[in-house]
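Here is the file protein-v6.txt (compact mmCIF, C-alpha atoms and all ligand atoms).
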# COMPACT_ATOMS: atom_id res chain seq x y z
CA MET A 414 0.00 0.00 0.00
CA GLN A 415 2.82 2.37 0.85
CA LYS A 416 4.06 2.06 -2.72
CA SER A 417 0.80 3.43 -4.05
CA LEU A 418 1.34 6.83 -2.46
CA ILE A 419 3.37 8.75 -5.01
CA VAL A 420 5.16 11.94 -3.94
CA ALA A 421 5.39 14.55 -6.72
CA LEU A 422 8.94 15.93 -6.76
CA ASP A 423 7.93 19.23 -8.34
CA PHE A 424 11.29 20.87 -7.82
CA ALA A 425 13.50 22.85 -10.16
CA GLY A 426 16.73 20.97 -9.48
CA ARG A 427 18.67 18.17 -7.83
CA GLU A 428 19.68 20.20 -4.79
CA GLU A 429 16.06 20.84 -3.84
CA VAL A 430 15.27 17.16 -4.34
CA SER A 431 18.15 16.11 -2.08
CA GLY A 432 17.10 18.64 0.57
CA PHE A 433 13.57 17.27 0.52
CA LEU A 434 14.62 13.61 0.65
CA LYS A 435 16.77 14.24 3.73
CA HIS A 436 13.53 14.33 5.71
CA PHE A 437 13.00 10.66 4.90
CA ASP A 438 16.31 9.14 6.01
CA ASP A 439 16.59 5.75 4.40
CA GLU A 440 12.91 5.31 3.58
CA LYS A 441 12.32 4.17 0.01
CA LEU A 442 9.62 6.27 -1.60
CA TYR A 443 7.59 6.13 -4.79
CA VAL A 444 8.23 9.51 -6.39
CA LYS A 445 6.99 11.33 -9.45
CA VAL A 446 9.45 13.14 -11.69
CA GLY A 447 7.66 15.53 -14.01
CA MET A 448 8.63 17.89 -16.79
CA GLU A 449 9.93 20.63 -14.51
CA LEU A 450 12.62 18.48 -12.94
CA PHE A 451 13.33 16.24 -15.93
CA TYR A 452 13.84 19.07 -18.42
CA GLN A 453 16.17 20.75 -15.97
CA GLU A 454 18.24 17.76 -14.89
CA GLY A 455 17.68 15.11 -17.54
CA PRO A 456 17.78 11.32 -17.10
CA ARG A 457 20.54 11.48 -14.49
CA VAL A 458 18.09 12.65 -11.83
CA VAL A 459 15.94 9.58 -12.52
CA GLU A 460 18.95 7.28 -12.44
CA ALA A 461 20.12 8.79 -9.16
CA LEU A 462 16.72 8.31 -7.51
CA ILE A 463 16.52 4.70 -8.69
CA ALA A 464 20.08 4.05 -7.50
CA LYS A 465 18.98 5.18 -4.03
CA GLY A 466 16.18 2.61 -4.10
CA HIS A 467 13.21 4.86 -4.87
CA ASP A 468 10.55 3.92 -7.39
CA VAL A 469 10.00 6.51 -10.09
CA PHE A 470 6.85 7.46 -11.97
CA LEU A 471 8.21 9.45 -14.92
CA ASP A 472 5.41 11.85 -15.78
CA LEU A 473 6.38 13.24 -19.19
CA LYS A 474 3.01 12.83 -20.92
CA LEU A 475 4.32 11.96 -24.38
CA HIS A 476 2.25 13.04 -27.38
CA ASP A 477 3.70 12.85 -30.91
CA ILE A 478 3.57 10.71 -34.02
CA PRO A 479 3.67 6.96 -33.25
CA HIS A 480 7.24 6.42 -34.45
CA THR A 481 8.62 9.26 -32.32
CA VAL A 482 6.74 8.05 -29.26
CA TYR A 483 8.00 4.52 -29.90
CA GLN A 484 11.61 5.74 -30.01
CA ALA A 485 11.21 8.00 -26.98
CA MET A 486 9.56 5.26 -24.92
CA LYS A 487 12.33 2.86 -25.86
CA GLY A 488 14.76 5.31 -24.29
CA LEU A 489 12.62 5.80 -21.18
CA GLY A 490 12.25 2.02 -20.82
CA LYS A 491 16.01 1.75 -20.36
CA LEU A 492 15.96 4.08 -17.33
CA GLY A 493 14.42 1.49 -15.01
CA VAL A 494 11.38 3.58 -14.09
CA THR A 495 8.39 1.90 -12.47
CA MET A 496 5.73 3.78 -14.42
CA THR A 497 5.50 6.36 -17.19
CA ASN A 498 2.78 7.92 -19.30
CA LEU A 499 1.53 9.40 -22.57
CA HIS A 500 -1.53 11.30 -23.78
CA ALA A 501 -4.49 9.17 -24.87
CA ALA A 502 -5.34 12.08 -27.20
CA GLY A 503 -2.45 10.89 -29.39
CA GLY A 504 -4.66 8.00 -30.54
CA LYS A 505 -4.51 4.23 -30.40
CA GLU A 506 -1.66 3.76 -32.86
CA MET A 507 0.46 6.11 -30.80
CA MET A 508 -0.40 4.31 -27.56
CA LYS A 509 0.43 0.90 -29.07
CA ALA A 510 3.70 2.25 -30.44
CA GLY A 511 4.56 3.72 -27.03
CA LEU A 512 3.88 0.45 -25.27
CA GLU A 513 5.98 -1.47 -27.79
CA GLY A 514 8.87 0.96 -27.38
CA LEU A 515 8.68 0.81 -23.59
CA MET A 516 8.73 -3.00 -23.62
CA GLU A 517 11.72 -3.08 -25.95
CA GLY A 518 13.62 -0.54 -23.88
CA ALA A 519 12.85 -2.33 -20.61
CA ALA A 520 13.94 -5.66 -22.09
CA VAL A 521 17.40 -4.21 -22.75
CA VAL A 522 18.01 -3.47 -19.06
CA GLY A 523 15.81 -6.28 -17.76
CA SER A 524 14.87 -4.53 -14.53
CA TYR A 525 12.65 -1.81 -13.20
CA GLY A 526 11.20 -0.56 -9.90
CA SER A 527 9.99 -2.62 -6.98
CA VAL A 528 6.25 -2.11 -7.58
CA LYS A 529 4.70 -4.99 -9.44
CA GLY A 530 1.24 -4.76 -10.92
CA ALA A 531 -0.87 -6.45 -13.56
CA ASP A 532 1.98 -5.59 -15.87
CA GLY A 533 4.52 -7.47 -13.80
CA ASP A 534 6.05 -10.80 -14.69
CA ASP A 535 3.29 -12.55 -16.60
CA GLY A 536 4.97 -15.92 -16.43
CA ASP A 537 7.24 -15.59 -19.40
CA GLY A 538 9.57 -13.10 -17.77
CA ALA A 539 8.07 -10.20 -19.72
CA CYS A 540 8.35 -7.60 -16.98
CA ARG A 541 8.09 -3.99 -17.90
CA PRO A 542 7.23 -0.65 -16.33
CA SER A 543 3.57 0.32 -16.16
CA LEU A 544 2.30 2.56 -18.92
CA ILE A 545 -0.68 4.79 -18.23
CA ALA A 546 -2.54 7.35 -20.31
CA VAL A 547 -3.59 10.89 -19.52
CA THR A 548 -7.27 11.13 -20.45
CA GLN A 549 -8.19 14.78 -20.03
CA LEU A 550 -6.08 17.05 -17.86
CA THR A 551 -7.88 18.05 -14.68
CA SER A 552 -7.24 21.65 -15.72
CA MET A 553 -9.51 21.11 -18.76
CA SER A 554 -13.17 22.08 -18.34
CA GLU A 555 -16.04 20.90 -20.50
CA GLU A 556 -16.51 24.45 -21.83
CA ARG A 557 -12.87 24.76 -22.82
CA MET A 558 -12.88 21.29 -24.38
CA ARG A 559 -15.73 22.44 -26.65
CA ALA A 560 -14.43 25.91 -27.39
CA ASP A 561 -10.70 25.21 -27.73
CA LEU A 562 -10.63 21.62 -28.94
CA LEU A 563 -14.01 21.41 -30.71
CA ILE A 564 -14.76 18.20 -28.80
CA GLU A 565 -18.49 17.91 -28.26
CA GLY A 566 -20.00 15.76 -25.56
CA LYS A 567 -19.53 15.37 -21.85
CA LEU A 568 -16.09 15.54 -20.34
CA ASN A 569 -16.80 12.34 -18.39
CA ASP A 570 -17.70 10.52 -21.59
CA VAL A 571 -14.52 11.69 -23.28
CA VAL A 572 -12.53 10.44 -20.28
CA LEU A 573 -14.29 7.09 -20.46
CA HIS A 574 -13.71 6.82 -24.22
CA TYR A 575 -10.01 7.67 -23.92
CA ALA A 576 -9.68 5.21 -21.04
CA ARG A 577 -11.32 2.51 -23.16
CA ASN A 578 -8.83 3.19 -25.96
CA ALA A 579 -5.98 2.87 -23.46
CA PHE A 580 -7.45 -0.36 -22.09
CA GLU A 581 -7.86 -1.82 -25.58
CA CYS A 582 -4.26 -0.94 -26.42
CA GLY A 583 -3.06 -2.96 -23.43
CA LEU A 584 -2.06 -0.03 -21.24
CA ASP A 585 -2.17 -0.48 -17.48
CA GLY A 586 -4.39 2.41 -16.55
CA VAL A 587 -4.99 6.12 -16.69
CA VAL A 588 -4.31 9.34 -14.85
CA CYS A 589 -7.69 10.69 -13.82
CA SER A 590 -9.56 12.65 -11.22
CA SER A 591 -10.62 10.60 -8.19
CA LEU A 592 -14.14 11.65 -9.06
CA GLU A 593 -13.90 9.63 -12.29
CA ALA A 594 -12.28 6.58 -10.68
CA SER A 595 -15.37 4.63 -9.69
CA ARG A 596 -16.86 4.84 -13.20
CA LEU A 597 -13.59 3.63 -14.67
CA ARG A 598 -13.36 0.82 -12.12
CA ASP A 599 -16.85 -0.34 -13.11
CA ALA A 600 -15.87 -0.27 -16.78
CA PHE A 601 -12.35 -1.71 -16.70
CA GLY A 602 -11.95 -3.44 -13.33
CA ALA A 603 -10.02 -2.83 -10.14
CA GLU A 604 -6.67 -3.86 -11.66
CA PHE A 605 -6.75 -1.08 -14.25
CA LYS A 606 -4.82 1.75 -12.61
CA LYS A 607 -6.58 4.96 -11.67
CA VAL A 608 -3.71 7.23 -10.72
CA THR A 609 -5.16 10.36 -9.20
CA PRO A 610 -3.71 13.76 -8.30
CA GLY A 611 -5.71 16.55 -6.64
CA ILE A 612 -5.33 15.12 -3.16
CA ARG A 613 -5.53 17.28 -0.04
CA MET A 614 -6.02 16.71 3.65
CA LYS A 615 -9.03 18.65 4.97
CA GLU A 616 -6.86 21.31 6.62
CA ASP A 617 -4.57 21.83 3.59
CA SER A 618 -4.55 24.69 1.12
CA VAL A 619 -6.22 23.75 -2.17
CA ASP A 620 -3.65 25.83 -4.15
CA ASP A 621 -4.53 25.87 -7.86
CA GLN A 622 -6.37 22.54 -7.88
CA ILE A 623 -10.06 22.90 -8.60
CA ARG A 624 -11.58 19.68 -7.36
CA VAL A 625 -9.72 18.02 -4.50
CA VAL A 626 -10.49 14.97 -2.41
CA THR A 627 -8.91 13.57 0.75
CA PRO A 628 -6.80 10.38 0.59
CA LEU A 629 -9.62 8.49 2.27
CA GLU A 630 -12.17 9.71 -0.28
CA ALA A 631 -9.80 8.80 -3.11
CA ARG A 632 -9.55 5.29 -1.76
CA ARG A 633 -13.32 4.98 -1.49
CA PHE A 634 -13.76 6.27 -5.05
CA GLY A 635 -11.46 3.52 -6.32
CA ALA A 636 -8.18 5.31 -6.94
CA THR A 637 -5.36 2.77 -7.07
CA GLU A 638 -2.48 5.26 -6.68
CA ILE A 639 -2.56 8.82 -5.39
CA VAL A 640 -0.13 11.55 -6.40
CA VAL A 641 0.54 14.12 -3.70
CA GLY A 642 2.74 17.16 -4.15
CA ARG A 643 2.52 20.35 -2.15
CA SER A 644 0.68 18.85 0.83
CA ILE A 645 3.93 16.97 1.49
CA THR A 646 6.66 18.98 -0.23
CA ARG A 647 5.61 22.31 1.26
CA ALA A 648 4.65 21.02 4.70
CA ALA A 649 6.56 22.35 7.69
CA ASP A 650 7.36 18.72 8.48
CA PRO A 651 7.23 16.72 5.21
CA ARG A 652 7.80 13.37 6.93
CA LYS A 653 4.91 13.95 9.31
CA ALA A 654 2.64 15.09 6.47
CA TYR A 655 3.63 12.01 4.44
CA GLU A 656 2.88 9.66 7.34
CA ALA A 657 -0.52 11.28 7.98
CA ILE A 658 -1.51 11.01 4.32
CA LEU A 659 -0.24 7.44 4.12
CA GLN A 660 -2.21 6.47 7.20
CA GLN A 661 -5.41 7.94 5.82
CA TRP A 662 -4.80 6.44 2.36
CA GLN A 663 -4.48 3.08 4.07
CA GLY A 664 -7.94 3.59 5.46
CA VAL A 665 -7.17 4.65 9.01
CA GLU A 666 -9.18 7.70 10.10
CA ILE A 667 -7.12 10.11 12.13
CA GLY A 668 -9.04 11.45 15.11
O1 LIG A 701 0.91 19.82 -5.41
P1 LIG A 701 -0.15 18.91 -5.92
O2 LIG A 701 -0.52 17.80 -4.95
O3 LIG A 701 -1.37 19.66 -6.42
O4 LIG A 701 0.53 18.21 -7.16
C1 LIG A 701 -0.14 17.34 -8.00
C2 LIG A 701 0.80 16.77 -9.00
O5 LIG A 701 0.04 16.04 -9.93
C3 LIG A 701 1.55 17.83 -9.81
O6 LIG A 701 2.82 17.27 -10.14
C4 LIG A 701 0.72 17.99 -11.05
O7 LIG A 701 1.46 18.39 -12.15
C5 LIG A 701 0.19 16.57 -11.24
N1 LIG A 701 -1.03 16.48 -12.00
C6 LIG A 701 -2.19 17.12 -11.65
N2 LIG A 701 -3.32 16.98 -12.42
C7 LIG A 701 -3.29 16.22 -13.52
C8 LIG A 701 -2.12 15.55 -13.89
C9 LIG A 701 -0.99 15.70 -13.09
O8 LIG A 701 -2.24 17.81 -10.63
N3 LIG A 701 -4.39 16.06 -14.23
Could you write out this file's structure as structure tokens?
Ligand code: C5P
Amino acid sequence: MQKSLIVALDFAGREEVSGFLKHFDDEKLYVKVGMELFYQEGPRVVEALIAKGHDVFLDLKLHDIPHTVYQAMKGLGKLGVTMTNLHAAGGKEMMKAGLEGLMEGAAVVGSYGSVKGADGDDGDGACRPSLIAVTQLTSMSEERMRADLLIEGKLNDVVLHYARNAFECGLDGVVCSSLEASRLRDAFGAEFKKVTPGIRMKEDSVDDQIRVVTPLEARRFGATEIVVGRSITRAADPRKAYEAILQQWQGVEIG
């Protein structure tokens, strides 16, 4: 369970990451490296985190022509990350190409993080990192989807359709709002990952997130992994904040 609480390392550089991780002594975390950190530091920051025993969700949200995504994923697969992602909006051919590239890259190094899922060793030694799809960003509203993207229909239906495409392409799950998780669980089962950001404890600042839920609510809605950033990284005591969130995520109400 601990390895389904993902801490978003939304920092600008390695020094800030090291400063933050000092709060955790030797504890092995599941961390998210996003564009901010990766574009600043490159693959070495991922390699350094993995070398220290952390699991890494590499959140780069790839979206390009299938061949480019295939090549890029092949490279990411060699880093030993536990999970990575792409945009479902890139279409099914792109998702299939991404998955193929990731598998080929992972096969070269033959190892990845400690978190095993439905995508783990399937009996023939074909282990690989998890690959999940971004459906619609939580910053996208239904109005903007219509006006900017000319996509008619309900946002929830678009999310479900994109998730179905991801499922049919053999991906392991999606990034989604907790509020969409139960519908996706009904459609694609509990094993299909519903990785959800927008998590806050009741007393926390909401920051720029629009719809937030507590870790306990996320669990009840069917989230399989939660991604938590500022509630931990900006806490006065990050370790204490992490423990409190973990405890609630594990289903223990804190009095
Ligand atoms: O600080 P906070 O907990 O809001 O951070 C949430 C993390 O999840 C950030 O890294 C953010 O980029 C990411 N994220 C998100 N909403 C999405 C996809 C990713 O908040 N739809």
What separates atom CA of Asp423 of chain A and atom CA of Leu592 of chain A is a distance of 23.3 Å
- All residues having an atom within 7 Å of ligand LIG 701 (chain A) (all atoms listed in the file) as a list in words: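 The neighbouring residues of ligand LIG 701 (chain A) are, in order, Ala421, Asp423, Gly447, Leu550, Thr551, Ser552, Val588, Cys589, Ser590, Pro610, Gly611, Ile612, Asp620, Gln622, Val640, Val641, Gly642, Arg643 and Ser644 of chain A.
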### Query
Which one is closest to Phe451 of chain A: A:Val430, A:Ala510, A:Ala546, A:Val626? Count only C-alpha atoms.
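Going through A:Val430, A:Ala510, A:Ala546, A:Val626 one by one, the smallest distance to Phe451 of chain A is for A:Val430.
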- Give me, please, the distance in Å between atom CA of Lys607 of chain A and atom CA of Asp650 of chain A, quoted to one decimal.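 Atom CA of Asp650 of chain A lies 28.1 Å from atom CA of Lys607 of chain A.
Atom CA of Val446 of chain A sits 11.8 Å away from atom CA of Ala461 of chain A.
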Shell of 10 Å around Lys474 of chain A, all atoms listed in the file, local chain residues under 4 positions omitted, as number ranges by chain: A: 447-448, 497-501, 545-547
Of A:Glu555, A:Gly514, A:Glu616, A:Leu462, the one sitting nearest Thr481 of chain A when using only C-alpha atoms is A:Gly514
With distances taken over only C-alpha atoms, the candidate from A:Gly635, A:Gly523, A:Gly586, A:Pro542 nearest Leu573 of chain A is A:Gly586
**Q.** Polymer residues at most 10 Å from Ser417 of chain A, only C-alpha atoms, same-chain spacing of 5 or more positions, as a PyMOL selection string
**A.** chain A and resi 442-444+528+608+636-640+659+662-663
Keeping C-alpha atoms, export the residues of the selection given above as a short mmCIF file (atom, residue, chain, number, x, y, z; two decimals), in the frame of the given file.
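Written file, part08.cif:
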data_model
loop_
_atom_site.label_atom_id
_atom_site.label_comp_id
_atom_site.auth_asym_id
_atom_site.auth_seq_id
_atom_site.Cartn_x
_atom_site.Cartn_y
_atom_site.Cartn_z
CA LEU A 442 9.62 6.27 -1.60
CA TYR A 443 7.59 6.13 -4.79
CA VAL A 444 8.23 9.51 -6.39
CA VAL A 528 6.25 -2.11 -7.58
CA VAL A 608 -3.71 7.23 -10.72
CA ALA A 636 -8.18 5.31 -6.94
CA THR A 637 -5.36 2.77 -7.07
CA GLU A 638 -2.48 5.26 -6.68
CA ILE A 639 -2.56 8.82 -5.39
CA VAL A 640 -0.13 11.55 -6.40
CA LEU A 659 -0.24 7.44 4.12
CA TRP A 662 -4.80 6.44 2.36
CA GLN A 663 -4.48 3.08 4.07
#
Find the residue from A:Leu471, A:Ala520, A:Ala502, A:Leu563 that sits nearest to Leu544 of chain A; use only C-alpha atoms when measuring.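 Comparing A:Leu471, A:Ala520, A:Ala502, A:Leu563 against Leu544 of chain A, the winner is A:Leu471.
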Next item on the list: May I ask which of the residues A:Met508, A:Ile658, A:Leu515, A:Val458 is the closest one to Met486 of chain A, counting all atoms listed in the file?
Entry: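 Comparing A:Met508, A:Ile658, A:Leu515, A:Val458 against Met486 of chain A, the winner is A:Leu515.
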Of A:Leu512, A:Leu597, A:Leu422, A:Leu489, the one nearest to Gly583 of chain A when counting all atoms listed in the file is A:Leu512
For this session: For Lys435 of chain A, work out the shell of residues within 12 Å, counting only C-alpha atoms and skipping chain neighbours fewer than 6 positions away, then give it as JSON, numbers by chain.
Result: {"A": [428, 429, 441, 442, 646, 650, 651, 652]}
